2 protein chains.
Amino acid sequence: MGGMSRQTGIPRRVALLGLAGVSAAALAGVLPAVAAARGLDTIEAIKTRRSVRRYTSRPLAEADLREILRCGMQAPSACDEQPWRFVILRDKALLARAGEINPYAAFAREAPAAVLVCGDLELDRCQGYWVQDCSNCAMCMLLAAHAMGLGAVWTGIYPLADRVEGFRALCGLPAHVTPLALLVIGHPAEQPAPENRFKPERIRYDRW
Amino acid sequence: MGGMSRQTGIPRRVALLGLAGVSAAALAGVLPAVAAARGLDTIEAIKTRRSVRRYTSRPLAEADLREILRCGMQAPSACDEQPWRFVILRDKALLARAGEINPYAAFAREAPAAVLVCGDLELDRCQGYWVQDCSNCAMCMLLAAHAMGLGAVWTGIYPLADRVEGFRALCGLPAHVTPLALLVIGHPAEQPAPENRFKPERIRYDRW
């Protein structure tokens, strides 16, 4: 948290916010004490979060990892069923194997940790919602990591059968536990610029 | 934003944070200027967000609605495909009908607005991920609403066929657009206490 930008030497959050093009008023409100010291305003976090795929060699503190998991478990779920299960990958050989199962996650071998977010079908009481529930969980974890000054990215697993079975074998998951996504997490070694994805044409009123 | 608690007359965020049982140090850091005036720290937002199903009669400002939608569209998606589409329900007859299609959303008739979050299968290039993508989108909207002092709740639609077809008919959705969830949003008339959902037994390391 509160690291310096490698390029500019200014606090990381300031650099990020500058790139975000937020209003000067909002920037002035954010800077004095809050952003670097304690995290990030929710709306700014949502607007500035990007996928981070390059990490420094710094380990991920156990306390930070648990704070991220704690945030994930706060997600809403159908019937409050909370069908999530987690396998934390920290072993370098396992992280390298993860990047072989999913070549788009090859950078995992350079990360200090990754979280395999799984759905436990025995906990999916309101059947049919575990994918939505576990997605919510993973989304909260990505935002929490960003707010803590960490970098993270969602790499897809479910519903691709080869990836599902690959991760099931890698971690020895029982048949009722299905891996949904692998969140790769570390201290960021890249600072992707915030991106404005607002598309007003996607919005309709009352009827299509 | 920054409303007063009906019960106590103290600023709403303070009441919420008090209920959350956050540390005194964190509370002191949040209170001076930030919380009520500009939203909510990301981690606190994730930890204090609850489903809100009772609303005051106050309308939802168009600017607030667009800010929520803007936050939803910032969500990560597979291949950055952003397959989401939105139908905003503000017509009272439509909101009442929504509560008939899904009886668990009957309270929608008392809400100022609801957002039907849909997946456009023609935009689902990396096939199979639209449910996860649109869940991420909806999760960001729920957090944004909470951070703005609004109350919101996710009501489930997909994959229940009767609800999917009910909302398709209600809003005249084309065949390639599938409703995932209805987010009901308004100014809160209830303040559910934050809930600690952390379950350390859900976490394993390296292997199951």
# chains A, B, ... in the order shown; residues from 1 in each chain; ligands from 1

call {"tool": "select_by_dssp", "arguments": {"residues": "chain A", "states": "helix (DSSP H, G or I)", "output": "compact mmCIF listing (two decimals) with N, CA, C and O atoms, in the first residue's frame"}}
result
# COMPACT_ATOMS: atom_id res chain seq x y z
N ARG A 12 1.82 6.09 -5.67
CA ARG A 12 1.14 5.30 -6.68
C ARG A 12 -0.30 5.74 -6.89
O ARG A 12 -0.78 5.82 -8.01
N ARG A 13 -1.03 5.99 -5.79
CA ARG A 13 -2.44 6.37 -5.94
C ARG A 13 -2.59 7.67 -6.68
O ARG A 13 -3.53 7.87 -7.42
N VAL A 14 -1.67 8.58 -6.46
CA VAL A 14 -1.74 9.87 -7.15
C VAL A 14 -1.56 9.64 -8.65
O VAL A 14 -2.30 10.18 -9.48
N ALA A 15 -0.59 8.81 -8.97
CA ALA A 15 -0.36 8.51 -10.39
C ALA A 15 -1.61 7.89 -11.00
O ALA A 15 -2.06 8.30 -12.07
N LEU A 16 -2.17 6.94 -10.29
CA LEU A 16 -3.36 6.27 -10.81
C LEU A 16 -4.49 7.26 -11.02
O LEU A 16 -5.15 7.27 -12.05
N LEU A 17 -4.71 8.10 -10.01
CA LEU A 17 -5.83 9.03 -10.11
C LEU A 17 -5.59 10.04 -11.21
O LEU A 17 -6.50 10.43 -11.92
N GLY A 18 -4.34 10.43 -11.37
CA GLY A 18 -4.03 11.36 -12.45
C GLY A 18 -4.39 10.74 -13.79
O GLY A 18 -5.01 11.38 -14.64
N LEU A 19 -4.04 9.50 -13.96
CA LEU A 19 -4.34 8.81 -15.21
C LEU A 19 -5.84 8.66 -15.41
O LEU A 19 -6.33 8.63 -16.52
N ALA A 20 -6.56 8.55 -14.28
CA ALA A 20 -8.00 8.32 -14.38
C ALA A 20 -8.73 9.53 -14.92
O ALA A 20 -9.86 9.42 -15.38
N ALA A 24 -10.61 17.66 -10.67
CA ALA A 24 -9.65 18.25 -9.74
C ALA A 24 -10.22 18.29 -8.33
O ALA A 24 -9.52 18.05 -7.35
N ALA A 25 -11.52 18.55 -8.24
CA ALA A 25 -12.15 18.61 -6.92
C ALA A 25 -12.09 17.24 -6.23
O ALA A 25 -11.74 17.14 -5.06
N ALA A 26 -12.39 16.21 -7.00
CA ALA A 26 -12.37 14.87 -6.43
C ALA A 26 -10.95 14.51 -6.02
O ALA A 26 -10.70 13.94 -4.96
N LEU A 27 -10.01 14.89 -6.85
CA LEU A 27 -8.60 14.59 -6.59
C LEU A 27 -8.16 15.28 -5.30
O LEU A 27 -7.54 14.67 -4.43
N ALA A 28 -8.53 16.54 -5.16
CA ALA A 28 -8.15 17.30 -3.97
C ALA A 28 -8.74 16.64 -2.73
O ALA A 28 -8.11 16.57 -1.69
N GLY A 29 -9.94 16.13 -2.88
CA GLY A 29 -10.58 15.48 -1.74
C GLY A 29 -9.90 14.18 -1.37
O GLY A 29 -9.88 13.79 -0.21
N VAL A 30 -9.35 13.51 -2.35
CA VAL A 30 -8.78 12.18 -2.10
C VAL A 30 -7.38 12.27 -1.52
O VAL A 30 -7.00 11.50 -0.65
N VAL A 34 -6.12 10.23 2.88
CA VAL A 34 -6.88 8.99 2.83
C VAL A 34 -6.29 7.95 1.90
O VAL A 34 -6.03 6.82 2.28
N ALA A 35 -6.07 8.35 0.65
CA ALA A 35 -5.81 7.37 -0.40
C ALA A 35 -4.62 6.47 -0.09
O ALA A 35 -4.76 5.25 0.03
N ALA A 36 -3.48 7.07 0.08
CA ALA A 36 -2.29 6.25 0.24
C ALA A 36 -2.30 5.52 1.58
O ALA A 36 -1.87 4.38 1.68
N ALA A 37 -2.82 6.19 2.61
CA ALA A 37 -2.69 5.62 3.94
C ALA A 37 -3.68 4.50 4.19
O ALA A 37 -3.36 3.53 4.85
N ARG A 38 -4.91 4.60 3.70
CA ARG A 38 -5.93 3.71 4.22
C ARG A 38 -6.72 3.00 3.14
O ARG A 38 -7.71 2.36 3.45
N THR A 42 -14.55 3.86 -2.73
CA THR A 42 -15.16 2.75 -3.46
C THR A 42 -15.36 3.06 -4.95
O THR A 42 -15.02 2.25 -5.82
N ILE A 43 -15.95 4.22 -5.23
CA ILE A 43 -16.23 4.56 -6.63
C ILE A 43 -14.91 4.70 -7.40
O ILE A 43 -14.79 4.22 -8.55
N GLU A 44 -13.91 5.32 -6.77
CA GLU A 44 -12.61 5.45 -7.44
C GLU A 44 -11.96 4.09 -7.65
O GLU A 44 -11.33 3.84 -8.68
N ALA A 45 -12.13 3.20 -6.68
CA ALA A 45 -11.56 1.86 -6.81
C ALA A 45 -12.17 1.14 -8.01
O ALA A 45 -11.47 0.53 -8.82
N ILE A 46 -13.49 1.24 -8.12
CA ILE A 46 -14.17 0.57 -9.24
C ILE A 46 -13.71 1.17 -10.57
O ILE A 46 -13.49 0.45 -11.55
N LYS A 47 -13.53 2.49 -10.59
CA LYS A 47 -13.19 3.16 -11.86
C LYS A 47 -11.72 3.01 -12.25
O LYS A 47 -11.38 3.15 -13.43
N THR A 48 -10.85 2.78 -11.27
CA THR A 48 -9.42 2.72 -11.59
C THR A 48 -8.86 1.30 -11.62
O THR A 48 -7.73 1.11 -12.06
N GLU A 62 0.49 -12.72 4.61
CA GLU A 62 -0.65 -13.58 4.97
C GLU A 62 -1.84 -12.72 5.43
O GLU A 62 -3.00 -13.02 5.09
N ALA A 63 -1.57 -11.66 6.15
CA ALA A 63 -2.66 -10.79 6.63
C ALA A 63 -3.40 -10.14 5.46
O ALA A 63 -4.63 -9.99 5.49
N ASP A 64 -2.64 -9.73 4.43
CA ASP A 64 -3.28 -9.13 3.26
C ASP A 64 -4.14 -10.16 2.53
O ASP A 64 -5.25 -9.87 2.08
N LEU A 65 -3.60 -11.36 2.39
CA LEU A 65 -4.34 -12.43 1.72
C LEU A 65 -5.65 -12.72 2.45
O LEU A 65 -6.72 -12.84 1.84
N ARG A 66 -5.59 -12.79 3.76
CA ARG A 66 -6.80 -13.08 4.53
C ARG A 66 -7.79 -11.92 4.46
O ARG A 66 -9.01 -12.14 4.44
N GLU A 67 -7.30 -10.69 4.39
CA GLU A 67 -8.20 -9.55 4.25
C GLU A 67 -8.94 -9.62 2.91
O GLU A 67 -10.14 -9.34 2.81
N ILE A 68 -8.21 -10.03 1.87
CA ILE A 68 -8.83 -10.19 0.56
C ILE A 68 -9.90 -11.30 0.61
O ILE A 68 -11.01 -11.14 0.11
N LEU A 69 -9.56 -12.42 1.22
CA LEU A 69 -10.52 -13.52 1.32
C LEU A 69 -11.74 -13.12 2.16
O LEU A 69 -12.88 -13.46 1.84
N ARG A 70 -11.47 -12.37 3.21
CA ARG A 70 -12.56 -11.89 4.06
C ARG A 70 -13.52 -11.03 3.23
O ARG A 70 -14.74 -11.17 3.35
N CYS A 71 -12.97 -10.18 2.39
CA CYS A 71 -13.82 -9.34 1.53
C CYS A 71 -14.60 -10.21 0.54
O CYS A 71 -15.78 -9.95 0.27
N GLY A 72 -13.96 -11.21 -0.02
CA GLY A 72 -14.67 -12.10 -0.94
C GLY A 72 -15.87 -12.76 -0.30
O GLY A 72 -16.95 -12.86 -0.89
N ALA A 78 -27.19 -16.14 -3.64
CA ALA A 78 -28.59 -16.58 -3.67
C ALA A 78 -28.92 -17.31 -2.38
O ALA A 78 -28.17 -18.20 -1.95
N CYS A 79 -30.02 -16.94 -1.74
CA CYS A 79 -30.42 -17.55 -0.45
C CYS A 79 -29.32 -17.45 0.58
O CYS A 79 -29.31 -18.23 1.53
N ASP A 80 -28.38 -16.52 0.38
CA ASP A 80 -27.23 -16.39 1.28
C ASP A 80 -26.50 -17.72 1.44
O ASP A 80 -26.00 -18.06 2.51
N LYS A 92 5.66 -22.57 -5.74
CA LYS A 92 6.08 -22.10 -7.07
C LYS A 92 5.81 -23.13 -8.16
O LYS A 92 5.47 -22.79 -9.29
N ALA A 93 5.98 -24.40 -7.82
CA ALA A 93 5.74 -25.45 -8.82
C ALA A 93 4.26 -25.49 -9.20
O ALA A 93 3.91 -25.67 -10.38
N LEU A 94 3.39 -25.32 -8.22
CA LEU A 94 1.95 -25.32 -8.50
C LEU A 94 1.57 -24.09 -9.33
O LEU A 94 0.75 -24.17 -10.25
N LEU A 95 2.15 -22.93 -9.00
CA LEU A 95 1.85 -21.72 -9.77
C LEU A 95 2.30 -21.87 -11.21
O LEU A 95 1.62 -21.43 -12.15
N ALA A 96 3.45 -22.51 -11.41
CA ALA A 96 3.93 -22.74 -12.78
C ALA A 96 2.99 -23.70 -13.52
O ALA A 96 2.66 -23.49 -14.69
N ARG A 97 2.53 -24.73 -12.81
CA ARG A 97 1.60 -25.69 -13.43
C ARG A 97 0.28 -25.01 -13.80
O ARG A 97 -0.32 -25.30 -14.84
N ALA A 98 -0.18 -24.09 -12.96
CA ALA A 98 -1.41 -23.35 -13.24
C ALA A 98 -1.29 -22.63 -14.59
O ALA A 98 -2.24 -22.59 -15.38
N GLY A 99 -0.11 -22.10 -14.84
CA GLY A 99 0.14 -21.39 -16.10
C GLY A 99 0.29 -22.32 -17.29
O GLY A 99 0.30 -21.86 -18.43
N GLU A 100 0.42 -23.61 -17.03
CA GLU A 100 0.43 -24.58 -18.13
C GLU A 100 -1.00 -25.04 -18.43
O GLU A 100 -1.37 -25.24 -19.58
N ILE A 101 -1.80 -25.19 -17.36
CA ILE A 101 -3.20 -25.58 -17.57
C ILE A 101 -3.92 -24.50 -18.36
O ILE A 101 -4.70 -24.78 -19.26
N PRO A 103 -2.71 -21.32 -20.48
CA PRO A 103 -1.57 -20.54 -20.99
C PRO A 103 -1.77 -19.03 -20.83
O PRO A 103 -0.79 -18.28 -20.79
N TYR A 104 -3.02 -18.57 -20.72
CA TYR A 104 -3.27 -17.14 -20.51
C TYR A 104 -2.96 -16.72 -19.07
O TYR A 104 -3.09 -15.55 -18.74
N ALA A 105 -2.60 -17.70 -18.25
CA ALA A 105 -2.20 -17.40 -16.88
C ALA A 105 -0.73 -17.79 -16.66
O ALA A 105 -0.30 -18.02 -15.54
N ALA A 106 0.05 -17.80 -17.74
CA ALA A 106 1.45 -18.23 -17.65
C ALA A 106 2.23 -17.36 -16.67
O ALA A 106 3.17 -17.82 -16.01
N PHE A 107 1.85 -16.09 -16.56
CA PHE A 107 2.54 -15.16 -15.66
C PHE A 107 2.38 -15.55 -14.19
O PHE A 107 3.04 -14.98 -13.32
N ALA A 108 1.49 -16.50 -13.89
CA ALA A 108 1.29 -16.93 -12.49
C ALA A 108 2.59 -17.45 -11.89
O ALA A 108 2.79 -17.38 -10.68
N ARG A 109 3.48 -17.97 -12.73
CA ARG A 109 4.74 -18.51 -12.20
C ARG A 109 5.59 -17.41 -11.56
O ARG A 109 6.46 -17.71 -10.73
N GLU A 110 5.36 -16.17 -11.93
CA GLU A 110 6.12 -15.06 -11.36
C GLU A 110 5.38 -14.39 -10.20
O GLU A 110 5.85 -13.39 -9.64
N TRP A 130 -24.55 -20.94 -8.22
CA TRP A 130 -23.19 -20.90 -7.66
C TRP A 130 -22.22 -20.09 -8.52
O TRP A 130 -21.31 -19.46 -7.98
N VAL A 131 -22.42 -20.09 -9.84
CA VAL A 131 -21.50 -19.33 -10.70
C VAL A 131 -21.64 -17.83 -10.42
O VAL A 131 -20.64 -17.10 -10.31
N GLN A 132 -22.88 -17.36 -10.29
CA GLN A 132 -23.09 -15.95 -9.99
C GLN A 132 -22.55 -15.61 -8.60
O GLN A 132 -21.89 -14.59 -8.40
N ASP A 133 -22.83 -16.48 -7.63
CA ASP A 133 -22.36 -16.24 -6.26
C ASP A 133 -20.84 -16.14 -6.21
O ASP A 133 -20.28 -15.21 -5.61
N CYS A 134 -20.18 -17.11 -6.83
CA CYS A 134 -18.71 -17.15 -6.76
C CYS A 134 -18.08 -16.04 -7.60
O CYS A 134 -16.98 -15.58 -7.29
N SER A 135 -18.79 -15.59 -8.64
CA SER A 135 -18.30 -14.44 -9.39
C SER A 135 -18.34 -13.19 -8.51
O SER A 135 -17.40 -12.39 -8.50
N ASN A 136 -19.43 -13.02 -7.76
CA ASN A 136 -19.52 -11.88 -6.86
C ASN A 136 -18.39 -11.89 -5.85
O ASN A 136 -17.76 -10.86 -5.56
N CYS A 137 -18.13 -13.07 -5.33
CA CYS A 137 -17.05 -13.26 -4.36
C CYS A 137 -15.71 -12.84 -4.97
O CYS A 137 -14.95 -12.07 -4.38
N ALA A 138 -15.44 -13.30 -6.17
CA ALA A 138 -14.17 -13.00 -6.84
C ALA A 138 -14.07 -11.51 -7.16
O ALA A 138 -13.01 -10.89 -7.04
N MET A 139 -15.19 -10.90 -7.57
CA MET A 139 -15.18 -9.47 -7.88
C MET A 139 -14.83 -8.64 -6.64
O MET A 139 -14.03 -7.70 -6.73
N CYS A 140 -15.40 -9.00 -5.51
CA CYS A 140 -15.08 -8.28 -4.27
C CYS A 140 -13.60 -8.44 -3.92
O CYS A 140 -12.96 -7.49 -3.45
N MET A 141 -13.04 -9.61 -4.19
CA MET A 141 -11.62 -9.83 -3.91
C MET A 141 -10.74 -8.97 -4.81
O MET A 141 -9.73 -8.41 -4.36
N LEU A 142 -11.10 -8.85 -6.09
CA LEU A 142 -10.31 -8.01 -7.00
C LEU A 142 -10.33 -6.55 -6.56
O LEU A 142 -9.32 -5.86 -6.59
N LEU A 143 -11.50 -6.07 -6.16
CA LEU A 143 -11.61 -4.68 -5.72
C LEU A 143 -10.84 -4.46 -4.42
O LEU A 143 -10.17 -3.43 -4.24
N ALA A 144 -10.94 -5.42 -3.51
CA ALA A 144 -10.21 -5.30 -2.24
C ALA A 144 -8.71 -5.25 -2.50
O ALA A 144 -7.99 -4.41 -1.95
N ALA A 145 -8.21 -6.13 -3.36
CA ALA A 145 -6.78 -6.16 -3.67
C ALA A 145 -6.34 -4.81 -4.23
O ALA A 145 -5.31 -4.24 -3.83
N HIS A 146 -7.12 -4.27 -5.15
CA HIS A 146 -6.79 -2.98 -5.76
C HIS A 146 -6.77 -1.89 -4.69
O HIS A 146 -5.86 -1.05 -4.66
N ALA A 147 -7.77 -1.89 -3.82
CA ALA A 147 -7.86 -0.86 -2.79
C ALA A 147 -6.69 -0.95 -1.81
O ALA A 147 -6.31 0.04 -1.19
N ALA A 161 -13.88 -27.30 -20.01
CA ALA A 161 -13.71 -28.61 -19.37
C ALA A 161 -12.24 -28.94 -19.11
O ALA A 161 -11.90 -29.48 -18.04
N ASP A 162 -11.35 -28.60 -20.05
CA ASP A 162 -9.95 -28.98 -19.84
C ASP A 162 -9.34 -28.21 -18.68
O ASP A 162 -8.55 -28.76 -17.90
N ARG A 163 -9.73 -26.95 -18.54
CA ARG A 163 -9.20 -26.18 -17.41
C ARG A 163 -9.81 -26.64 -16.09
O ARG A 163 -9.12 -26.76 -15.08
N VAL A 164 -11.11 -26.91 -16.11
CA VAL A 164 -11.78 -27.39 -14.88
C VAL A 164 -11.11 -28.67 -14.40
O VAL A 164 -10.73 -28.80 -13.23
N GLU A 165 -10.91 -29.61 -15.31
CA GLU A 165 -10.31 -30.89 -14.91
C GLU A 165 -8.84 -30.73 -14.57
O GLU A 165 -8.32 -31.41 -13.68
N GLY A 166 -8.16 -29.83 -15.27
CA GLY A 166 -6.75 -29.57 -14.98
C GLY A 166 -6.55 -29.06 -13.56
O GLY A 166 -5.68 -29.55 -12.82
N PHE A 167 -7.36 -28.09 -13.16
CA PHE A 167 -7.23 -27.55 -11.80
C PHE A 167 -7.77 -28.53 -10.76
O PHE A 167 -7.28 -28.59 -9.64
N ARG A 168 -8.78 -29.30 -11.13
CA ARG A 168 -9.28 -30.31 -10.20
C ARG A 168 -8.17 -31.31 -9.86
O ARG A 168 -7.96 -31.65 -8.69
N ALA A 169 -7.44 -31.72 -10.91
CA ALA A 169 -6.35 -32.67 -10.68
C ALA A 169 -5.20 -32.01 -9.93
O ALA A 169 -4.62 -32.59 -9.01
N LEU A 170 -4.87 -30.77 -10.30
CA LEU A 170 -3.74 -30.07 -9.68
C LEU A 170 -3.91 -29.97 -8.17
O LEU A 170 -2.95 -30.18 -7.41
N CYS A 171 -5.11 -29.64 -7.73
CA CYS A 171 -5.34 -29.38 -6.30
C CYS A 171 -6.07 -30.52 -5.59
O CYS A 171 -6.34 -30.41 -4.39
N PRO A 200 -23.10 4.49 -23.05
CA PRO A 200 -24.49 4.86 -22.78
C PRO A 200 -25.48 4.16 -23.69
O PRO A 200 -26.65 3.97 -23.33
N GLU A 201 -25.04 3.72 -24.86
CA GLU A 201 -25.95 3.05 -25.79
C GLU A 201 -26.38 1.67 -25.30
O GLU A 201 -27.29 1.06 -25.88
N ARG A 202 -25.77 1.20 -24.23
CA ARG A 202 -26.18 -0.09 -23.68
C ARG A 202 -27.40 0.03 -22.75
O ARG A 202 -27.87 -0.97 -22.22

call {"tool": "residues_around", "arguments": {"residues": "Asp206 (chain A)", "least_positions_apart": "5", "cutoff": "8 Å", "atoms": "only C-alpha atoms", "output": "list in words"}}
result
Val87, Ile88, Leu89, Arg90, Asp91, Leu94 and Cys171 of chain B

call {"tool": "select_by_dssp", "arguments": {"residues": "region 2-204 of chain B", "states": "strand (DSSP E)", "output": "PyMOL selection string"}}
result
chain B and resi 84-89+113-120+151-156+177-186+203-204

call {"tool": "write_last_selection", "arguments": {"atoms": "N, CA and C atoms", "output": "mmCIF file, in the first residue's frame"}}
result
data_model
loop_
_atom_site.group_PDB
_atom_site.id
_atom_site.type_symbol
_atom_site.label_atom_id
_atom_site.label_comp_id
_atom_site.auth_asym_id
_atom_site.auth_seq_id
_atom_site.Cartn_x
_atom_site.Cartn_y
_atom_site.Cartn_z
ATOM 1 N N TRP B 84 -22.697 -6.844 -21.389
ATOM 2 C CA TRP B 84 -23.872 -6.393 -20.639
ATOM 3 C C TRP B 84 -24.755 -5.408 -21.394
ATOM 4 N N ARG B 85 -26.037 -5.521 -21.085
ATOM 5 C CA ARG B 85 -27.078 -4.597 -21.562
ATOM 6 C C ARG B 85 -27.973 -4.297 -20.375
ATOM 7 N N PHE B 86 -28.593 -3.151 -20.354
ATOM 8 C CA PHE B 86 -29.381 -2.728 -19.198
ATOM 9 C C PHE B 86 -30.739 -2.202 -19.635
ATOM 10 N N VAL B 87 -31.775 -2.599 -18.910
ATOM 11 C CA VAL B 87 -33.080 -1.963 -19.072
ATOM 12 C C VAL B 87 -33.464 -1.394 -17.704
ATOM 13 N N ILE B 88 -33.630 -0.080 -17.654
ATOM 14 C CA ILE B 88 -33.985 0.597 -16.408
ATOM 15 C C ILE B 88 -35.500 0.599 -16.279
ATOM 16 N N LEU B 89 -35.991 0.040 -15.176
ATOM 17 C CA LEU B 89 -37.429 0.071 -14.921
ATOM 18 C C LEU B 89 -37.727 1.211 -13.952
ATOM 19 N N ALA B 113 -36.768 2.620 -8.692
ATOM 20 C CA ALA B 113 -36.155 2.130 -9.937
ATOM 21 C C ALA B 113 -35.565 0.744 -9.730
ATOM 22 N N ALA B 114 -35.371 0.072 -10.850
ATOM 23 C CA ALA B 114 -34.665 -1.210 -10.837
ATOM 24 C C ALA B 114 -33.906 -1.321 -12.149
ATOM 25 N N VAL B 115 -32.798 -2.037 -12.096
ATOM 26 C CA VAL B 115 -31.976 -2.223 -13.292
ATOM 27 C C VAL B 115 -31.997 -3.696 -13.664
ATOM 28 N N LEU B 116 -32.508 -3.983 -14.849
ATOM 29 C CA LEU B 116 -32.467 -5.341 -15.374
ATOM 30 C C LEU B 116 -31.110 -5.519 -16.063
ATOM 31 N N VAL B 117 -30.270 -6.363 -15.465
ATOM 32 C CA VAL B 117 -28.939 -6.610 -16.023
ATOM 33 C C VAL B 117 -29.039 -7.827 -16.932
ATOM 34 N N CYS B 118 -28.690 -7.627 -18.187
ATOM 35 C CA CYS B 118 -28.858 -8.679 -19.201
ATOM 36 C C CYS B 118 -27.516 -8.999 -19.862
ATOM 37 N N GLY B 119 -27.410 -10.213 -20.370
ATOM 38 C CA GLY B 119 -26.263 -10.592 -21.178
ATOM 39 C C GLY B 119 -26.651 -10.656 -22.645
ATOM 40 N N ASP B 120 -25.849 -10.035 -23.482
ATOM 41 C CA ASP B 120 -26.088 -10.063 -24.927
ATOM 42 C C ASP B 120 -25.215 -11.162 -25.514
ATOM 43 N N GLY B 151 -29.645 2.168 -1.220
ATOM 44 C CA GLY B 151 -29.859 0.778 -0.843
ATOM 45 C C GLY B 151 -30.246 -0.013 -2.076
ATOM 46 N N ALA B 152 -29.717 -1.228 -2.186
ATOM 47 C CA ALA B 152 -29.987 -2.031 -3.383
ATOM 48 C C ALA B 152 -29.975 -3.508 -3.030
ATOM 49 N N VAL B 153 -30.565 -4.288 -3.889
ATOM 50 C CA VAL B 153 -30.558 -5.737 -3.694
ATOM 51 C C VAL B 153 -30.596 -6.437 -5.050
ATOM 52 N N TRP B 154 -29.879 -7.549 -5.120
ATOM 53 C CA TRP B 154 -29.846 -8.418 -6.295
ATOM 54 C C TRP B 154 -31.013 -9.377 -6.175
ATOM 55 N N THR B 155 -31.907 -9.403 -7.155
ATOM 56 C CA THR B 155 -32.944 -10.437 -7.171
ATOM 57 C C THR B 155 -32.674 -11.335 -8.385
ATOM 58 N N GLY B 156 -32.701 -12.637 -8.139
ATOM 59 C CA GLY B 156 -32.242 -13.608 -9.138
ATOM 60 C C GLY B 156 -33.250 -13.866 -10.247
ATOM 61 N N VAL B 177 -30.725 -11.649 -26.087
ATOM 62 C CA VAL B 177 -30.475 -10.921 -24.832
ATOM 63 C C VAL B 177 -31.189 -11.653 -23.688
ATOM 64 N N THR B 178 -30.417 -12.118 -22.709
ATOM 65 C CA THR B 178 -30.956 -12.909 -21.604
ATOM 66 C C THR B 178 -30.849 -12.126 -20.302
ATOM 67 N N PRO B 179 -31.985 -11.967 -19.599
ATOM 68 C CA PRO B 179 -31.914 -11.265 -18.313
ATOM 69 C C PRO B 179 -31.245 -12.132 -17.260
ATOM 70 N N LEU B 180 -30.279 -11.570 -16.554
ATOM 71 C CA LEU B 180 -29.557 -12.304 -15.518
ATOM 72 C C LEU B 180 -30.118 -12.008 -14.130
ATOM 73 N N ALA B 181 -30.309 -10.724 -13.819
ATOM 74 C CA ALA B 181 -30.713 -10.328 -12.467
ATOM 75 C C ALA B 181 -31.413 -8.981 -12.533
ATOM 76 N N LEU B 182 -32.275 -8.740 -11.566
ATOM 77 C CA LEU B 182 -32.906 -7.430 -11.424
ATOM 78 C C LEU B 182 -32.364 -6.799 -10.149
ATOM 79 N N LEU B 183 -31.682 -5.674 -10.289
ATOM 80 C CA LEU B 183 -31.185 -4.942 -9.122
ATOM 81 C C LEU B 183 -32.213 -3.876 -8.770
ATOM 82 N N VAL B 184 -32.800 -3.987 -7.597
ATOM 83 C CA VAL B 184 -33.784 -3.016 -7.147
ATOM 84 C C VAL B 184 -33.038 -1.977 -6.302
ATOM 85 N N ILE B 185 -33.286 -0.702 -6.579
ATOM 86 C CA ILE B 185 -32.463 0.371 -5.988
ATOM 87 C C ILE B 185 -33.347 1.512 -5.501
ATOM 88 N N GLY B 186 -32.991 2.093 -4.369
ATOM 89 C CA GLY B 186 -33.691 3.272 -3.872
ATOM 90 C C GLY B 186 -32.957 3.882 -2.699
ATOM 91 N N ILE B 203 -10.927 -22.094 3.583
ATOM 92 C CA ILE B 203 -9.642 -21.803 2.944
ATOM 93 C C ILE B 203 -8.688 -22.983 3.117
ATOM 94 N N ARG B 204 -8.098 -23.427 2.004
ATOM 95 C CA ARG B 204 -7.061 -24.467 2.075
ATOM 96 C C ARG B 204 -5.817 -23.946 1.358
#

call {"tool": "residues_around", "arguments": {"residues": "Glu81 (chain A)", "least_positions_apart": "3", "cutoff": "7 Å", "atoms": "only C-alpha atoms", "output": "list in words"}}
result
Ser77, Ala78, Leu123, Asp124 and Arg125 of chain A
